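K.L.:
Mind having a look at this structure? Questions to follow.
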Amino acid sequence: MIAPGLRVPRERGEEVRRALRGSGALRTDLEIAREADTIVFPLVEGASVPDGVGTPAPFEFRPFGPAGPSGYRDRLAWTSDAKALLPRSFDVVGDIVLVRLADELRPLRSEVGEALLGFVPGARVVGLDHGVQGAERRRSVERIAGSGGWRTRHRENGIEIEVDVERAYFSPRLAREHRRVASEVAEGDRVYDFCCGVGPFALTIARDGRARQLTAVDANPAAIELLRASLLRARNARLVEPVEASLESYTPSAEPREKVILNLPLEGIKYLPSVARTVAPRGRLYYYEVTPRTDLERRTEGVVESLGPKGTWTRADTHVVHPYSPASDLVAYVFERGRA
Ligand SMILES: C[S@@+](CC[C@H](N)C(=O)[O-])C[C@H]1O[C@@H](n2cnc3c(N)ncnc32)[C@H](O)[C@@H]1O
């Protein structure tokens, strides 16, 4: 398959791979090509590349075979029936690998952990992911290989995020959405990031420096503490005001905002009417909800009704962010408020 390819000398391969992965420029559905003295990286169309490493040119890449990231399975001397139960994918957060396992494989979790630890470059610890719980969406994890705790520094879209996978919510599956929203922020926009977690939306928007003001609100004290730690090294950190508060207790400023994000996918709907009131005329609201796959159109109508008086809002975009379960997706509903 033809895609933009960035050719670099082999000795610079690892450095460039990290930079491209961090900025979200590297395609993960195509194989990196290795030639005699050079490596060719497959890039996302239109992605920018680090200074001084050349210019992308079209290149014929091989798509990942069915193995892809599930290549770790080759490290296990198991029967093919047992291997068929293994997940095809896993998450990498900084130097932590998170994997979910079918109940039948739990007794073999250490073997899976060791296989992943050897397979994922730079991995320090592997955690069995028992999912997120409670209002703060904290993740329950069990170490199955490697060593050390759950705090790490994750890179995405050219920013560094302090993460503690147990104490505050973070998902690397939202990286593209963080970038997408940041790209829509215009010069001088004022932004609310409600339910900001450890602040990836706010940090990505701050990176670009176009926003005039960014307020990031979350009820979990650990999330706000981690955001503050990221801000110590972030670009344009002065633009971001982290606020530890629940949506119930927070009083928004009288001034409306041009961009407002609400990312609380299972219960955000109850806050939507009050959050919608903080959006400026011609401003945009980015609302996220887990939606049954067969229900997208009907749900869009339902969401717009919760926003306020009919005719005030127009639908700007609805898109799937990522699959959530076999029958549902995390969906982004983007609405624009009409003129005052
Ligand atoms: C899905 S996570 C946020 C993810 C984050 N926006 C991101 O992109 O990584 C939802 C967040 O909402 C916060 N939260 C839950 N209920 C809340 C409430 N009533 N008020 C404020 N924050 C709340 C949780 O602490 C959690 O960090």
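Scheme for the structure tokens: letters A, B, ... for chains in order shown; per-chain residue numbers from 1; ligand numbers from 1 in order shown.
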Can you tell me, as a ChimeraX atom specification, what residues are no more than 7 Å from Pro9 of chain A when counting only C-alpha atoms, ignoring any on the same chain fewer than 4 positions away?

P.N.:
/A:13,37-39

K.L.:
Could you dump the residues just selected with N, CA and C atoms as a PDB file, in the first residue's frame?

P.N.:
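The resulting file, out.pdb, is shown below:
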ATOM      1  N   GLY A  13      17.201   5.610  13.608  1.00  0.00           N
ATOM      2  CA  GLY A  13      15.875   4.992  13.539  1.00  0.00           C
ATOM      3  C   GLY A  13      15.081   5.095  14.828  1.00  0.00           C
ATOM      4  N   ASP A  37      20.838   0.329   4.736  1.00  0.00           N
ATOM      5  CA  ASP A  37      21.312   1.262   5.765  1.00  0.00           C
ATOM      6  C   ASP A  37      20.229   2.207   6.235  1.00  0.00           C
ATOM      7  N   THR A  38      19.021   2.016   5.734  1.00  0.00           N
ATOM      8  CA  THR A  38      17.968   2.972   6.068  1.00  0.00           C
ATOM      9  C   THR A  38      16.712   2.272   6.564  1.00  0.00           C
ATOM     10  N   ILE A  39      15.896   3.089   7.230  1.00  0.00           N
ATOM     11  CA  ILE A  39      14.591   2.623   7.700  1.00  0.00           C
ATOM     12  C   ILE A  39      13.571   3.581   7.111  1.00  0.00           C
TER      13      ILE A  39
END

K.L.:
Each residue of chain A lying at most 10 Å from ligand 1 should get a row with its shortest atom-to-atom pair and the distance in Å to one decimal, counting only C-alpha atoms and all ligand atoms; could you produce that, ordered by chain and increasing number, as a Markdown table?

P.N.:
| residue | atom | partner | partner_atom_place_in_ligand_line | distance |
| --- | --- | --- | --- | --- |
| A:Val132 | CA | ligand 1 | 1 (C) | 9.4 |
| A:Gly134 | CA | ligand 1 | 15 (C) | 8.2 |
| A:Ala135 | CA | ligand 1 | 15 (C) | 4.7 |
| A:Glu136 | CA | ligand 1 | 25 (O) | 3.4 |
| A:Arg137 | CA | ligand 1 | 26 (C) | 5.5 |
| A:Arg138 | CA | ligand 1 | 26 (C) | 7.7 |
| A:Val163 | CA | ligand 1 | 9 (O) | 10.0 |
| A:Arg167 | CA | ligand 1 | 27 (O) | 9.5 |
| A:Ala168 | CA | ligand 1 | 27 (O) | 6.0 |
| A:Tyr169 | CA | ligand 1 | 27 (O) | 5.2 |
| A:Phe170 | CA | ligand 1 | 9 (O) | 4.7 |
| A:Ser171 | CA | ligand 1 | 9 (O) | 5.9 |
| A:Pro172 | CA | ligand 1 | 9 (O) | 8.1 |
| A:Arg173 | CA | ligand 1 | 9 (O) | 9.1 |
| A:Leu174 | CA | ligand 1 | 8 (O) | 6.3 |
| A:Ala175 | CA | ligand 1 | 8 (O) | 8.1 |
| A:Glu177 | CA | ligand 1 | 8 (O) | 8.3 |
| A:His178 | CA | ligand 1 | 8 (O) | 6.9 |
| A:Asp193 | CA | ligand 1 | 6 (N) | 7.2 |
| A:Phe194 | CA | ligand 1 | 21 (C) | 6.8 |
| A:Cys195 | CA | ligand 1 | 12 (O) | 3.8 |
| A:Cys196 | CA | ligand 1 | 6 (N) | 3.9 |
| A:Gly197 | CA | ligand 1 | 27 (O) | 3.5 |
| A:Val198 | CA | ligand 1 | 9 (O) | 6.3 |
| A:Gly199 | CA | ligand 1 | 5 (C) | 6.2 |
| A:Pro200 | CA | ligand 1 | 8 (O) | 5.5 |
| A:Phe201 | CA | ligand 1 | 8 (O) | 5.8 |
| A:Ala202 | CA | ligand 1 | 6 (N) | 8.7 |
| A:Ala216 | CA | ligand 1 | 6 (N) | 9.1 |
| A:Val217 | CA | ligand 1 | 21 (C) | 6.4 |
| A:Asp218 | CA | ligand 1 | 22 (N) | 3.9 |
| A:Ala219 | CA | ligand 1 | 22 (N) | 4.0 |
| A:Asn220 | CA | ligand 1 | 25 (O) | 4.4 |
| A:Pro221 | CA | ligand 1 | 25 (O) | 8.1 |
| A:Ala222 | CA | ligand 1 | 25 (O) | 8.6 |
| A:Ala223 | CA | ligand 1 | 27 (O) | 6.3 |
| A:Ile224 | CA | ligand 1 | 27 (O) | 8.8 |
| A:Val243 | CA | ligand 1 | 21 (C) | 9.6 |
| A:Glu244 | CA | ligand 1 | 21 (C) | 8.0 |
| A:Ala245 | CA | ligand 1 | 21 (C) | 6.0 |
| A:Ser246 | CA | ligand 1 | 20 (N) | 3.3 |
| A:Leu247 | CA | ligand 1 | 20 (N) | 3.9 |
| A:Glu248 | CA | ligand 1 | 19 (N) | 6.1 |
| A:Ser249 | CA | ligand 1 | 20 (N) | 8.0 |
| A:Tyr250 | CA | ligand 1 | 20 (N) | 8.2 |
| A:Ile261 | CA | ligand 1 | 6 (N) | 8.0 |
| A:Leu262 | CA | ligand 1 | 6 (N) | 7.3 |
| A:Asn263 | CA | ligand 1 | 6 (N) | 5.0 |
| A:Leu264 | CA | ligand 1 | 10 (C) | 4.6 |
| A:Pro265 | CA | ligand 1 | 1 (C) | 6.2 |
| A:Leu266 | CA | ligand 1 | 1 (C) | 8.4 |
| A:Glu267 | CA | ligand 1 | 16 (N) | 7.9 |
| A:Gly268 | CA | ligand 1 | 16 (N) | 8.0 |
| A:Lys270 | CA | ligand 1 | 19 (N) | 9.6 |
| A:Tyr271 | CA | ligand 1 | 19 (N) | 8.3 |
| A:Tyr288 | CA | ligand 1 | 1 (C) | 8.8 |
| A:Glu289 | CA | ligand 1 | 1 (C) | 9.6 |

K.L.:
May I ask which of the residues A:Arg207, A:Arg143, A:Arg100, A:Arg21 is the closest one to Arg235 of chain A, counting only C-alpha atoms?

P.N.:
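The shortest atom-to-atom distance to Arg235 of chain A comes from A:Arg207.
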
K.L.:
When you look at Arg12 of chain A with a cut-off of 12 Å (counting only C-alpha atoms), what residues show up, excluding the ones that are within fewer than 5 positions of it in the same chain? I need them as a list of chain:residue names.

P.N.:
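Residues meeting the cut-off are A:Leu6, A:Arg7, A:Arg17, A:Arg18, A:Ala19, A:Asp37, A:Thr38, A:Ile39, A:Val40, A:Phe41, A:Pro50, A:Gly52, A:Val53.
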
K.L.:
Within 7 Å of Arg155 of chain A, counting only C-alpha atoms, which residues show up once you throw out same-chain ones fewer than 3 positions away? Write them as a list of chain:residue names, please.

P.N.:
A:Gly22, A:Gly94, A:Gly158, A:Ile159, A:Glu160, A:Ile161

K.L.:
Give me the residues near segment 273-281 of chain A as a list in words, where near means some atom within 6 Å (using only C-alpha atoms) and where sequence neighbours in that chain fewer than 5 positions away do not count.

P.N.:
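Answer for this query is Pro256, Arg257, Glu258, Leu307, Arg337, Gly338, Arg339 and Ala340 of chain A.
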
K.L.:
Have a look at A:Pro121, A:Pro69, A:Pro42, A:Gly131 and name the one nearest to Glu14 of chain A; count only C-alpha atoms.

P.N.:
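Looking only at the distances to Glu14 of chain A, the closest residue turns out to be A:Pro121.
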
K.L.:
Residues within 10 Å of segment 323-329 of chain A, please, as a list in words. Count only C-alpha atoms; anything in the same chain fewer than 2 positions from it doesn't count.

P.N.:
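Skipping anything fewer than 2 positions along the chain leaves Arg173, Glu289, Val290, Thr291, Pro292, Arg293, Thr294, Asp295, Leu296, His319, Val320, Val321, Val331 and Ala332 of chain A.
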
K.L.:
Those same residues, written as an mmCIF file, in the first residue's frame with C-alpha atoms?

P.N.:
data_model
loop_
_atom_site.group_PDB
_atom_site.id
_atom_site.type_symbol
_atom_site.label_atom_id
_atom_site.label_comp_id
_atom_site.auth_asym_id
_atom_site.auth_seq_id
_atom_site.Cartn_x
_atom_site.Cartn_y
_atom_site.Cartn_z
ATOM 1 C CA ARG A 173 -7.001 5.354 22.604
ATOM 2 C CA GLU A 289 -21.040 9.309 25.006
ATOM 3 C CA VAL A 290 -20.991 5.531 24.761
ATOM 4 C CA THR A 291 -23.642 4.742 22.145
ATOM 5 C CA PRO A 292 -25.091 1.431 20.901
ATOM 6 C CA ARG A 293 -23.873 0.982 17.338
ATOM 7 C CA THR A 294 -27.389 0.732 15.917
ATOM 8 C CA ASP A 295 -28.578 3.873 17.675
ATOM 9 C CA LEU A 296 -26.338 6.648 16.378
ATOM 10 C CA HIS A 319 -17.980 10.465 14.688
ATOM 11 C CA VAL A 320 -16.867 7.243 16.328
ATOM 12 C CA VAL A 321 -13.802 7.757 18.506
ATOM 13 C CA VAL A 331 -18.976 8.648 19.981
ATOM 14 C CA ALA A 332 -18.084 12.333 19.694
#

K.L.:
Which residue out of A:Gly283, A:Gly148, A:Pro107, A:Gly71 has the minimum interatomic distance to Arg190 of chain A when only C-alpha atoms are used?

P.N.:
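Ranked by minimum distance to Arg190 of chain A, first place goes to A:Gly283.
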
K.L.:
Would you please extract all helix (DSSP H, G or I) residues from segment 210-313 of chain A, as assigned by DSSP on the backbone, and give them as an MDAnalysis selection string?

P.N.:
chainID A and resid 221:231 237:239 268:276 293:307

K.L.:
Per DSSP on the backbone, filter segment 79-124 of chain A down to the residues in strand (DSSP E) and report them as an NGL selection string.

P.N.:
:A and (91-93 or 96-99)

K.L.:
Just want the 10 Å neighbourhood of Ala3 of chain A, counted on only C-alpha atoms, with same-chain residues fewer than 3 positions away dropped. Output as a ChimeraX atom specification.

P.N.:
/A:6,27,30,41-45,56-61
